[in-house]
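Structure file input.cif (mmCIF, C-alpha atoms and all ligand atoms) follows.
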data_entry
#
loop_
_atom_site.label_atom_id
_atom_site.label_comp_id
_atom_site.auth_asym_id
_atom_site.auth_seq_id
_atom_site.Cartn_x
_atom_site.Cartn_y
_atom_site.Cartn_z
CA MET J 1 0.39 -35.65 9.66
CA THR J 2 4.12 -34.94 9.79
CA ASP J 3 6.55 -32.87 7.76
CA THR J 4 7.67 -36.08 6.14
CA ASP J 5 4.40 -36.93 4.43
CA ALA J 6 4.25 -33.81 2.32
CA SER J 7 3.86 -35.85 -0.85
CA SER J 8 0.15 -35.06 -1.18
CA SER J 9 -0.11 -31.51 -2.40
CA LEU J 10 -3.87 -31.22 -2.15
CA VAL J 11 -5.37 -32.52 1.04
CA ASP J 12 -9.09 -32.82 1.57
CA PHE J 13 -10.66 -33.96 4.80
CA ASN J 14 -14.04 -35.53 5.34
CA PRO J 15 -16.48 -33.04 6.85
CA SER J 16 -16.50 -33.09 10.64
CA ARG J 17 -18.41 -31.44 13.46
CA LEU J 18 -15.36 -29.19 14.00
CA GLY J 19 -16.22 -27.60 10.66
CA THR J 20 -19.73 -26.55 11.67
CA LYS J 21 -20.89 -23.22 13.04
CA GLU J 22 -23.14 -25.08 15.50
CA HIS J 23 -20.06 -26.65 17.07
CA TRP J 24 -18.27 -23.32 17.57
CA ASP J 25 -21.45 -21.58 18.74
CA GLY J 26 -21.72 -24.27 21.44
CA VAL J 27 -18.05 -23.91 22.40
CA TYR J 28 -18.24 -20.13 22.85
CA GLN J 29 -21.62 -20.23 24.55
CA ARG J 30 -20.06 -22.48 27.20
CA GLU J 31 -16.95 -20.27 27.40
CA ILE J 32 -19.10 -17.14 27.91
CA GLY J 33 -20.74 -18.95 30.86
CA SER J 34 -17.33 -19.81 32.40
CA PHE J 35 -16.04 -16.31 31.79
CA HIS J 36 -18.94 -14.71 33.63
CA GLU J 37 -18.83 -17.31 36.40
CA ILE J 38 -15.12 -17.60 37.15
CA ALA J 39 -13.41 -15.11 34.76
CA ASP J 40 -11.93 -18.00 32.76
CA GLU J 41 -11.05 -16.55 29.33
CA GLY J 42 -11.17 -19.98 27.67
CA GLU J 43 -8.83 -22.09 25.62
CA VAL J 44 -5.51 -20.99 24.18
CA TRP J 45 -5.74 -23.00 20.97
CA PHE J 46 -2.42 -24.86 20.33
CA GLY J 47 -1.08 -23.58 23.68
CA GLU J 48 0.85 -20.61 25.06
CA ASP J 49 4.12 -21.59 23.38
CA VAL J 50 2.66 -21.44 19.85
CA LEU J 51 0.90 -18.16 20.64
CA GLN J 52 4.15 -16.64 21.90
CA LYS J 53 6.00 -17.74 18.77
CA MET J 54 3.39 -16.09 16.55
CA ILE J 55 3.71 -12.88 18.58
CA ASP J 56 7.51 -13.02 18.35
CA TRP J 57 7.29 -13.48 14.58
CA ALA J 58 4.97 -10.46 14.32
CA LEU J 59 7.28 -8.31 16.44
CA GLU J 60 10.21 -9.19 14.20
CA ASN J 61 8.49 -8.93 10.82
CA VAL J 62 5.58 -6.49 11.22
CA PRO J 63 6.57 -4.44 14.27
CA PRO J 64 4.22 -1.97 15.90
CA THR J 65 4.55 1.76 15.34
CA PRO J 66 2.23 4.40 16.84
CA ASP J 67 -0.14 4.18 13.85
CA SER J 68 0.47 0.78 12.27
CA PRO J 69 0.07 -2.04 11.40
CA TYR J 70 -3.55 -2.90 10.68
CA ILE J 71 -4.05 -6.50 11.80
CA LEU J 72 -6.99 -8.79 11.05
CA ASP J 73 -7.41 -12.05 13.00
CA ILE J 74 -9.64 -14.46 11.08
CA GLY J 75 -11.66 -16.86 13.27
CA THR J 76 -10.63 -14.95 16.36
CA GLY J 77 -12.47 -17.17 18.88
CA ASN J 78 -11.91 -15.68 22.33
CA GLY J 79 -9.58 -13.05 20.82
CA VAL J 80 -6.54 -14.42 22.62
CA THR J 81 -4.12 -13.76 19.74
CA LEU J 82 -5.07 -10.09 19.50
CA PHE J 83 -4.87 -9.63 23.28
CA GLY J 84 -1.35 -11.03 23.12
CA LEU J 85 -0.40 -8.52 20.41
CA ALA J 86 -2.01 -5.66 22.32
CA GLU J 87 0.06 -6.56 25.38
CA VAL J 88 3.32 -6.16 23.46
CA GLY J 89 2.48 -2.74 22.05
CA TYR J 90 0.35 -3.08 18.92
CA PRO J 91 -2.10 -0.16 18.70
CA LEU J 92 -5.44 -1.45 19.97
CA ASP J 93 -7.58 0.55 17.56
CA GLN J 94 -5.88 -1.12 14.59
CA LEU J 95 -6.59 -4.67 15.71
CA CYS J 96 -9.68 -6.44 14.43
CA GLY J 97 -10.98 -9.95 15.03
CA ILE J 98 -13.70 -11.59 12.96
CA ASP J 99 -15.53 -14.85 13.54
CA TYR J 100 -18.68 -16.41 12.09
CA SER J 101 -19.89 -17.26 15.59
CA ASN J 102 -21.67 -14.35 17.23
CA HIS J 103 -20.96 -16.05 20.57
CA SER J 104 -17.22 -15.76 19.85
CA VAL J 105 -17.68 -12.05 19.20
CA GLU J 106 -19.67 -11.65 22.41
CA LEU J 107 -17.00 -13.51 24.42
CA ALA J 108 -14.06 -11.61 22.87
CA ARG J 109 -15.79 -8.26 23.49
CA ALA J 110 -16.50 -9.19 27.13
CA ILE J 111 -12.87 -10.20 27.68
CA ALA J 112 -11.65 -7.03 25.95
CA ALA J 113 -13.83 -4.89 28.23
CA ASN J 114 -12.53 -6.74 31.30
CA ARG J 115 -8.92 -6.18 30.17
CA GLY J 116 -9.52 -2.50 29.39
CA MET J 117 -8.94 -3.22 25.69
CA SER J 118 -12.33 -2.27 24.27
CA GLN J 119 -10.70 -0.32 21.42
CA ILE J 120 -10.03 -3.66 19.73
CA THR J 121 -12.77 -4.34 17.16
CA PHE J 122 -14.59 -7.68 17.08
CA LYS J 123 -17.11 -8.34 14.31
CA GLN J 124 -19.20 -11.26 13.18
CA CYS J 125 -18.19 -12.28 9.67
CA ASP J 126 -18.03 -15.52 7.70
CA ILE J 127 -14.78 -15.38 5.77
CA LEU J 128 -16.13 -17.62 3.00
CA PHE J 129 -19.35 -15.74 2.32
CA ASP J 130 -19.12 -12.20 3.67
CA THR J 131 -16.73 -9.48 2.69
CA PRO J 132 -14.87 -8.53 5.85
CA ALA J 133 -15.18 -4.79 5.75
CA HIS J 134 -12.04 -2.81 5.46
CA LEU J 135 -13.93 -1.44 8.40
CA GLU J 136 -14.41 2.26 7.70
CA ASN J 137 -12.01 4.08 10.05
CA MET J 138 -9.74 0.99 9.91
CA SER J 139 -6.96 0.29 7.42
CA ASP J 140 -6.06 2.88 4.83
CA GLY J 141 -8.24 1.40 2.10
CA GLN J 142 -5.32 -0.59 0.67
CA GLY J 143 -5.97 -3.68 2.76
CA TRP J 144 -4.52 -5.20 5.90
CA ASP J 145 -0.82 -5.23 6.79
CA LEU J 146 -1.05 -8.55 8.61
CA VAL J 147 -3.70 -11.26 8.59
CA LEU J 148 -3.57 -13.96 11.26
CA ASP J 149 -5.03 -17.43 11.30
CA LYS J 150 -4.60 -19.73 14.27
CA GLY J 151 -6.65 -22.89 13.68
CA THR J 152 -9.29 -21.29 11.49
CA PHE J 153 -8.21 -22.76 8.15
CA ASP J 154 -8.20 -26.15 9.90
CA ALA J 155 -11.85 -25.64 10.88
CA VAL J 156 -12.82 -24.20 7.48
CA SER J 157 -11.31 -27.22 5.72
CA LEU J 158 -13.47 -29.55 7.79
CA GLY J 159 -16.70 -27.81 6.78
CA GLN J 160 -19.25 -28.89 4.19
CA TYR J 161 -20.30 -26.06 1.89
CA GLU J 162 -22.53 -27.36 -0.90
CA GLN J 163 -23.21 -23.82 -2.12
CA LEU J 164 -19.55 -23.21 -3.00
CA GLU J 165 -18.30 -23.91 -6.50
CA GLN J 166 -14.87 -24.90 -5.26
CA PRO J 167 -13.66 -26.54 -2.04
CA ALA J 168 -13.41 -24.15 0.88
CA SER J 169 -9.71 -25.00 1.19
CA ARG J 170 -9.12 -23.50 -2.30
CA LEU J 171 -11.40 -20.50 -1.85
CA TYR J 172 -10.03 -19.47 1.55
CA PRO J 173 -6.51 -18.57 0.33
CA ILE J 174 -8.03 -16.38 -2.41
CA LYS J 175 -10.23 -14.58 0.12
CA VAL J 176 -7.26 -13.98 2.41
CA GLY J 177 -5.04 -12.77 -0.43
CA ALA J 178 -7.69 -10.24 -1.44
CA LEU J 179 -7.77 -8.80 2.09
CA LEU J 180 -4.06 -8.01 2.21
CA LYS J 181 -2.39 -4.91 0.86
CA GLU J 182 0.54 -5.46 -1.49
CA GLY J 183 3.49 -6.44 0.68
CA GLY J 184 1.09 -7.40 3.48
CA MET J 185 1.65 -10.68 5.31
CA LEU J 186 -0.35 -13.74 6.30
CA LEU J 187 0.76 -15.77 9.33
CA ILE J 188 -1.07 -19.07 9.60
CA THR J 189 -0.81 -21.86 12.16
CA SER J 190 -2.35 -25.23 11.43
CA CYS J 191 -2.51 -28.63 13.08
CA ASN J 192 -4.08 -30.39 10.10
CA PHE J 193 -1.70 -29.31 7.34
CA THR J 194 2.07 -29.49 7.08
CA GLU J 195 4.00 -26.48 5.88
CA ALA J 196 4.37 -28.13 2.45
CA GLU J 197 0.62 -28.67 2.20
CA ILE J 198 -0.15 -25.13 3.34
CA ARG J 199 2.26 -23.79 0.72
CA ASN J 200 0.61 -25.86 -1.99
CA LEU J 201 -2.79 -24.52 -1.10
CA PHE J 202 -1.88 -20.86 -0.47
CA GLU J 203 0.84 -20.07 -3.05
CA THR J 204 -1.34 -19.64 -6.14
CA SER J 205 -1.69 -17.00 -8.83
CA ALA J 206 -5.23 -16.29 -7.60
CA SER J 207 -4.16 -15.59 -4.01
CA ARG J 208 -0.96 -13.77 -5.03
CA LEU J 209 0.65 -15.10 -1.87
CA GLN J 210 4.29 -16.10 -1.80
CA PHE J 211 6.14 -18.04 0.88
CA HIS J 212 7.99 -15.71 3.25
CA SER J 213 9.20 -17.72 6.25
CA HIS J 214 8.19 -20.24 8.85
CA VAL J 215 8.22 -20.51 12.60
CA LYS J 216 9.99 -23.47 14.13
CA HIS J 217 8.10 -25.61 16.62
CA ARG J 218 9.13 -28.52 18.76
CA THR J 219 9.52 -31.73 16.76
CA PHE J 220 8.56 -35.26 17.69
CA SER J 221 9.82 -38.59 16.40
CA PHE J 222 7.63 -41.60 15.81
CA GLY J 223 8.24 -44.75 13.81
CA GLY J 224 11.54 -43.43 12.52
CA GLN J 225 9.96 -40.26 11.18
CA THR J 226 10.31 -36.74 12.52
CA GLY J 227 7.64 -34.06 12.31
CA THR J 228 5.93 -31.25 14.14
CA VAL J 229 2.50 -31.18 15.70
CA VAL J 230 1.68 -27.79 14.23
CA SER J 231 3.02 -25.72 11.35
CA THR J 232 3.25 -21.93 11.28
CA THR J 233 3.88 -20.43 7.86
CA ALA J 234 4.14 -16.83 6.68
CA PHE J 235 3.29 -15.49 3.23
CA VAL J 236 3.68 -12.11 1.60
CA LYS J 237 1.22 -10.66 -0.90
CA THR J 238 2.99 -10.03 -4.18
CA THR J 239 2.31 -7.38 -6.79
CA VAL J 240 2.25 -9.91 -9.61
CA SER J 241 1.25 -13.54 -9.56
CA SER J 242 4.14 -15.75 -8.47
CA SER J 243 3.03 -19.20 -9.54
CA ALA J 244 0.23 -21.00 -11.28
C1 LIG Q 301 -9.79 -23.71 16.19
S1 LIG Q 301 -10.74 -22.29 16.52
C2 LIG Q 301 -9.45 -21.10 16.73
C3 LIG Q 301 -9.89 -19.85 17.41
C4 LIG Q 301 -8.80 -18.78 17.61
N1 LIG Q 301 -8.15 -18.44 16.36
C5 LIG Q 301 -7.78 -19.21 18.64
O1 LIG Q 301 -6.60 -19.27 18.32
O2 LIG Q 301 -8.18 -19.48 19.78
C6 LIG Q 301 -11.38 -21.92 14.89
C7 LIG Q 301 -12.19 -20.66 14.81
O3 LIG Q 301 -12.57 -20.41 13.47
C8 LIG Q 301 -13.88 -19.90 13.45
N2 LIG Q 301 -14.40 -20.13 12.09
C9 LIG Q 301 -14.58 -21.32 11.46
N3 LIG Q 301 -15.05 -21.14 10.22
C10 LIG Q 301 -15.15 -19.80 10.02
C11 LIG Q 301 -15.57 -18.98 8.93
N4 LIG Q 301 -16.02 -19.52 7.78
N5 LIG Q 301 -15.52 -17.64 9.06
C12 LIG Q 301 -15.09 -17.08 10.24
N6 LIG Q 301 -14.71 -17.80 11.31
C13 LIG Q 301 -14.72 -19.14 11.21
C14 LIG Q 301 -14.59 -20.67 14.56
O4 LIG Q 301 -15.76 -20.06 15.02
C15 LIG Q 301 -13.48 -20.70 15.62
O5 LIG Q 301 -13.53 -19.55 16.43
#
Output the file's structure as structure tokens, nothing else.
Ligand SMILES: C[S@@+](CC[C@H](N)C(=O)[O-])C[C@H]1O[C@@H](n2cnc3c(N)ncnc32)[C@H](O)[C@@H]1O
Amino acid sequence: MTDTDASSSLVDFNPSRLGTKEHWDGVYQREIGSFHEIADEGEVWFGEDVLQKMIDWALENVPPTPDSPYILDIGTGNGVTLFGLAEVGYPLDQLCGIDYSNHSVELARAIAANRGMSQITFKQCDILFDTPAHLENMSDGQGWDLVLDKGTFDAVSLGQYEQLEQPASRLYPIKVGALLKEGGMLLITSCNFTEAEIRNLFETSASRLQFHSHVKHRTFSFGGQTGTVVSTTAFVKTTVSSSA
């Protein structure tokens, strides 16, 4: 998909293996093996450049102070995004990563211990079905200051959830909105959705999210059209609903 085919506002994908917990359990089980064998921390999803741009955006828009912000990384995988934030000065004990794969949590905790960053919290949690705790001793009870998603909404949208009354791609933005404090931010990077599509799905009265800004990535041209391989979009949680 490119930025030029934003005409479809609601995009649904056919279920794929990438949307199953079994797939991610297998991925992180293998990565745990490599980590213990050769200290390989695993994949940097979307690459170092995208990760750095997300960190730069955070530094500019939600900068670290000695006791803030509280940051939640949804679908944390090997925890690479949080380790990047920790390295640039975000307080470790206010960083939390959740993932529905317990193997991801095991891997992220092992890497954290190896990096001397064990104060970062990693918890197993399915964002669609569990309520990610405003982990006691974390956040001030108002919600998170910043929620991060790097590739997780992509995976969620490829899942098949017969028990849900609405598509996961509609429920997810509501769940994320509920986790943020008023004025809190969501920064989401996707390879399956353009910025226009992400905005259509996330800017709803139920999520109370409003477009804030975007991060520019390298563009490519193909067949006379120009687009980007990934989109990174930021939203702010509003006090009142902004759109229908
Ligand atoms: C593409 S990977 C990205 C991992 C990580 N964010 C990164 O940048 O390396 C997608 C992640 O989402 C997690 N995930 C998928 N569905 C989830 C759900 N319903 N709740 C929590 N985590 C989920 C997967 O286990 C996987 O770690």
Measuring atom to atom with all atoms listed in the file, identify which of J:Val156, J:Val147, J:Ile71, J:Ile111 is nearest to Ile188 in chain J.
J:Val147
Just need the box for ligand LIG 301 (chain Q), edges along x, y and z, holding every atom the file lists for it with 5 Å tacked onto each side, so centre and edge lengths in Å to one decimal, as JSON.
{"center_x": -11.3, "center_y": -20.4, "center_z": 13.8, "size_x": 19.4, "size_y": 16.6, "size_z": 22.0}
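Considering only C-alpha atoms and all ligand atoms, the residue among J:Ala155, J:Leu59, J:Leu146, J:Val50 positioned nearest to ligand LIG 301 (chain Q) is J:Ala155.
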Measuring between all atoms listed in the file, which one of J:Glu182, J:Glu31, J:Asp99, J:Glu162 shows the shortest distance to Val236 in chain J?
J:Glu182
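A straight line drawn from CA of Gly151 in chain J to CA of Gly77 in chain J is 9.7 Å long.
The space separating CA of Gln210 in chain J from atom O5 of ligand LIG 301 (chain Q) comes to 25.7 Å.
Interatomic distance, atom C14 of ligand LIG 301 (chain Q) against CA of Thr76 in chain J: 7.2 Å.
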Counting all atoms listed in the file, what are the residues, protein, DNA or RNA alike, that approach ligand LIG 301 (chain Q) to within 7 Å? I want them as a PDB file with C-alpha atoms, in the coordinates of the input.
ATOM      1  CA  GLY J  19     -16.220 -27.600  10.660  1.00  0.00           C
ATOM      2  CA  LYS J  21     -20.890 -23.220  13.040  1.00  0.00           C
ATOM      3  CA  TRP J  24     -18.270 -23.320  17.570  1.00  0.00           C
ATOM      4  CA  ASP J  25     -21.450 -21.580  18.740  1.00  0.00           C
ATOM      5  CA  GLU J  43      -8.830 -22.090  25.620  1.00  0.00           C
ATOM      6  CA  VAL J  44      -5.510 -20.990  24.180  1.00  0.00           C
ATOM      7  CA  TRP J  45      -5.740 -23.000  20.970  1.00  0.00           C
ATOM      8  CA  ILE J  74      -9.640 -14.460  11.080  1.00  0.00           C
ATOM      9  CA  GLY J  75     -11.660 -16.860  13.270  1.00  0.00           C
ATOM     10  CA  THR J  76     -10.630 -14.950  16.360  1.00  0.00           C
ATOM     11  CA  GLY J  77     -12.470 -17.170  18.880  1.00  0.00           C
ATOM     12  CA  ASN J  78     -11.910 -15.680  22.330  1.00  0.00           C
ATOM     13  CA  GLY J  79      -9.580 -13.050  20.820  1.00  0.00           C
ATOM     14  CA  VAL J  80      -6.540 -14.420  22.620  1.00  0.00           C
ATOM     15  CA  THR J  81      -4.120 -13.760  19.740  1.00  0.00           C
ATOM     16  CA  ILE J  98     -13.700 -11.590  12.960  1.00  0.00           C
ATOM     17  CA  ASP J  99     -15.530 -14.850  13.540  1.00  0.00           C
ATOM     18  CA  TYR J 100     -18.680 -16.410  12.090  1.00  0.00           C
ATOM     19  CA  SER J 101     -19.890 -17.260  15.590  1.00  0.00           C
ATOM     20  CA  SER J 104     -17.220 -15.760  19.850  1.00  0.00           C
ATOM     21  CA  CYS J 125     -18.190 -12.280   9.670  1.00  0.00           C
ATOM     22  CA  ASP J 126     -18.030 -15.520   7.700  1.00  0.00           C
ATOM     23  CA  ILE J 127     -14.780 -15.380   5.770  1.00  0.00           C
ATOM     24  CA  LEU J 128     -16.130 -17.620   3.000  1.00  0.00           C
ATOM     25  CA  ASP J 149      -5.030 -17.430  11.300  1.00  0.00           C
ATOM     26  CA  LYS J 150      -4.600 -19.730  14.270  1.00  0.00           C
ATOM     27  CA  GLY J 151      -6.650 -22.890  13.680  1.00  0.00           C
ATOM     28  CA  THR J 152      -9.290 -21.290  11.490  1.00  0.00           C
ATOM     29  CA  ASP J 154      -8.200 -26.150   9.900  1.00  0.00           C
ATOM     30  CA  ALA J 155     -11.850 -25.640  10.880  1.00  0.00           C
ATOM     31  CA  VAL J 156     -12.820 -24.200   7.480  1.00  0.00           C
TER      32      VAL J 156
END
Using all atoms listed in the file - which residues lie no farther than 6 Å from the point (-18.1, -11.8, 18.2) in the file's frame? Write them as a list of chain:residue names.
J:Asn102, J:His103, J:Ser104, J:Val105, J:Glu106, J:Phe122, J:Lys123, J:Gln124
Output as an mmCIF file, in the coordinates of the input: range 207-218 of chain J, completed with all heavy atoms.
data_model
loop_
_atom_site.group_PDB
_atom_site.id
_atom_site.type_symbol
_atom_site.label_atom_id
_atom_site.label_comp_id
_atom_site.auth_asym_id
_atom_site.auth_seq_id
_atom_site.Cartn_x
_atom_site.Cartn_y
_atom_site.Cartn_z
ATOM 1 N N SER J 207 -4.311 -16.198 -5.338
ATOM 2 C CA SER J 207 -4.160 -15.590 -4.010
ATOM 3 C C SER J 207 -3.077 -14.515 -4.006
ATOM 4 O O SER J 207 -3.068 -13.630 -3.170
ATOM 5 C CB SER J 207 -3.804 -16.656 -2.963
ATOM 6 O OG SER J 207 -2.471 -17.089 -3.141
ATOM 7 N N ARG J 208 -2.136 -14.654 -4.932
ATOM 8 C CA ARG J 208 -0.960 -13.770 -5.030
ATOM 9 C C ARG J 208 -0.104 -13.812 -3.752
ATOM 10 O O ARG J 208 0.582 -12.849 -3.409
ATOM 11 C CB ARG J 208 -1.386 -12.331 -5.356
ATOM 12 C CG ARG J 208 -1.940 -12.234 -6.767
ATOM 13 C CD ARG J 208 -2.549 -10.904 -7.082
ATOM 14 N NE ARG J 208 -1.685 -9.784 -6.741
ATOM 15 C CZ ARG J 208 -2.093 -8.520 -6.699
ATOM 16 N NH1 ARG J 208 -3.349 -8.235 -6.989
ATOM 17 N NH2 ARG J 208 -1.259 -7.557 -6.389
ATOM 18 N N LEU J 209 -0.163 -14.946 -3.076
ATOM 19 C CA LEU J 209 0.650 -15.100 -1.870
ATOM 20 C C LEU J 209 1.923 -15.878 -2.201
ATOM 21 O O LEU J 209 1.902 -16.815 -3.004
ATOM 22 C CB LEU J 209 -0.136 -15.858 -0.787
ATOM 23 C CG LEU J 209 -1.369 -15.135 -0.256
ATOM 24 C CD1 LEU J 209 -2.199 -16.053 0.633
ATOM 25 C CD2 LEU J 209 -0.960 -13.880 0.513
ATOM 26 N N GLN J 210 3.005 -15.465 -1.572
ATOM 27 C CA GLN J 210 4.290 -16.100 -1.800
ATOM 28 C C GLN J 210 4.903 -16.449 -0.445
ATOM 29 O O GLN J 210 4.818 -15.628 0.483
ATOM 30 C CB GLN J 210 5.195 -15.113 -2.527
ATOM 31 C CG GLN J 210 6.409 -15.736 -3.156
ATOM 32 C CD GLN J 210 7.099 -14.734 -4.084
ATOM 33 O OE1 GLN J 210 7.212 -13.562 -3.731
ATOM 34 N NE2 GLN J 210 7.537 -15.181 -5.232
ATOM 35 N N PHE J 211 5.529 -17.624 -0.383
ATOM 36 C CA PHE J 211 6.140 -18.040 0.880
ATOM 37 C C PHE J 211 7.130 -16.976 1.380
ATOM 38 O O PHE J 211 7.923 -16.458 0.603
ATOM 39 C CB PHE J 211 6.872 -19.376 0.684
ATOM 40 C CG PHE J 211 7.625 -19.824 1.908
ATOM 41 C CD1 PHE J 211 6.950 -20.349 3.004
ATOM 42 C CD2 PHE J 211 9.005 -19.705 1.972
ATOM 43 C CE1 PHE J 211 7.646 -20.759 4.140
ATOM 44 C CE2 PHE J 211 9.707 -20.107 3.104
ATOM 45 C CZ PHE J 211 9.024 -20.637 4.184
ATOM 46 N N HIS J 212 7.079 -16.682 2.656
ATOM 47 C CA HIS J 212 7.990 -15.710 3.250
ATOM 48 C C HIS J 212 8.942 -16.384 4.239
ATOM 49 O O HIS J 212 10.149 -16.278 4.133
ATOM 50 C CB HIS J 212 7.188 -14.598 3.937
ATOM 51 C CG HIS J 212 8.034 -13.610 4.689
ATOM 52 N ND1 HIS J 212 8.369 -13.784 6.014
ATOM 53 C CD2 HIS J 212 8.617 -12.448 4.316
ATOM 54 C CE1 HIS J 212 9.123 -12.770 6.422
ATOM 55 N NE2 HIS J 212 9.289 -11.943 5.406
ATOM 56 N N SER J 213 8.372 -17.094 5.204
ATOM 57 C CA SER J 213 9.200 -17.720 6.250
ATOM 58 C C SER J 213 8.340 -18.687 7.049
ATOM 59 O O SER J 213 7.136 -18.782 6.835
ATOM 60 C CB SER J 213 9.773 -16.632 7.181
ATOM 61 O OG SER J 213 8.733 -15.858 7.723
ATOM 62 N N HIS J 214 8.977 -19.410 7.941
ATOM 63 C CA HIS J 214 8.190 -20.240 8.850
ATOM 64 C C HIS J 214 8.704 -20.109 10.275
ATOM 65 O O HIS J 214 9.811 -19.610 10.495
ATOM 66 C CB HIS J 214 8.174 -21.713 8.397
ATOM 67 C CG HIS J 214 9.497 -22.389 8.505
ATOM 68 N ND1 HIS J 214 10.104 -23.006 7.446
ATOM 69 C CD2 HIS J 214 10.352 -22.531 9.536
ATOM 70 C CE1 HIS J 214 11.260 -23.490 7.830
ATOM 71 N NE2 HIS J 214 11.436 -23.220 9.097
ATOM 72 N N VAL J 215 7.857 -20.529 11.176
ATOM 73 C CA VAL J 215 8.220 -20.510 12.600
ATOM 74 C C VAL J 215 8.534 -21.946 12.990
ATOM 75 O O VAL J 215 7.796 -22.863 12.629
ATOM 76 C CB VAL J 215 7.046 -19.966 13.441
ATOM 77 C CG1 VAL J 215 7.324 -20.118 14.924
ATOM 78 C CG2 VAL J 215 6.758 -18.527 13.077
ATOM 79 N N LYS J 216 9.623 -22.111 13.713
ATOM 80 C CA LYS J 216 9.990 -23.470 14.130
ATOM 81 C C LYS J 216 9.255 -23.856 15.399
ATOM 82 O O LYS J 216 9.179 -23.074 16.348
ATOM 83 C CB LYS J 216 11.492 -23.536 14.387
ATOM 84 C CG LYS J 216 12.295 -23.644 13.120
ATOM 85 C CD LYS J 216 13.667 -24.264 13.416
ATOM 86 C CE LYS J 216 14.404 -24.485 12.115
ATOM 87 N NZ LYS J 216 15.754 -23.984 12.134
ATOM 88 N N HIS J 217 8.731 -25.082 15.403
ATOM 89 C CA HIS J 217 8.100 -25.610 16.620
ATOM 90 C C HIS J 217 8.837 -26.871 17.048
ATOM 91 O O HIS J 217 9.630 -27.422 16.285
ATOM 92 C CB HIS J 217 6.634 -25.948 16.331
ATOM 93 C CG HIS J 217 5.803 -24.743 16.042
ATOM 94 N ND1 HIS J 217 5.546 -23.768 16.976
ATOM 95 C CD2 HIS J 217 5.179 -24.335 14.909
ATOM 96 C CE1 HIS J 217 4.797 -22.825 16.435
ATOM 97 N NE2 HIS J 217 4.564 -23.134 15.179
ATOM 98 N N ARG J 218 8.511 -27.297 18.263
ATOM 99 C CA ARG J 218 9.130 -28.520 18.760
ATOM 100 C C ARG J 218 8.817 -29.684 17.829
ATOM 101 O O ARG J 218 7.708 -29.774 17.295
ATOM 102 C CB ARG J 218 8.595 -28.846 20.160
ATOM 103 C CG ARG J 218 9.465 -28.273 21.256
ATOM 104 C CD ARG J 218 8.861 -28.570 22.587
ATOM 105 N NE ARG J 218 7.517 -28.012 22.678
ATOM 106 C CZ ARG J 218 6.669 -28.299 23.641
ATOM 107 N NH1 ARG J 218 6.986 -29.134 24.572
ATOM 108 N NH2 ARG J 218 5.488 -27.726 23.683
#
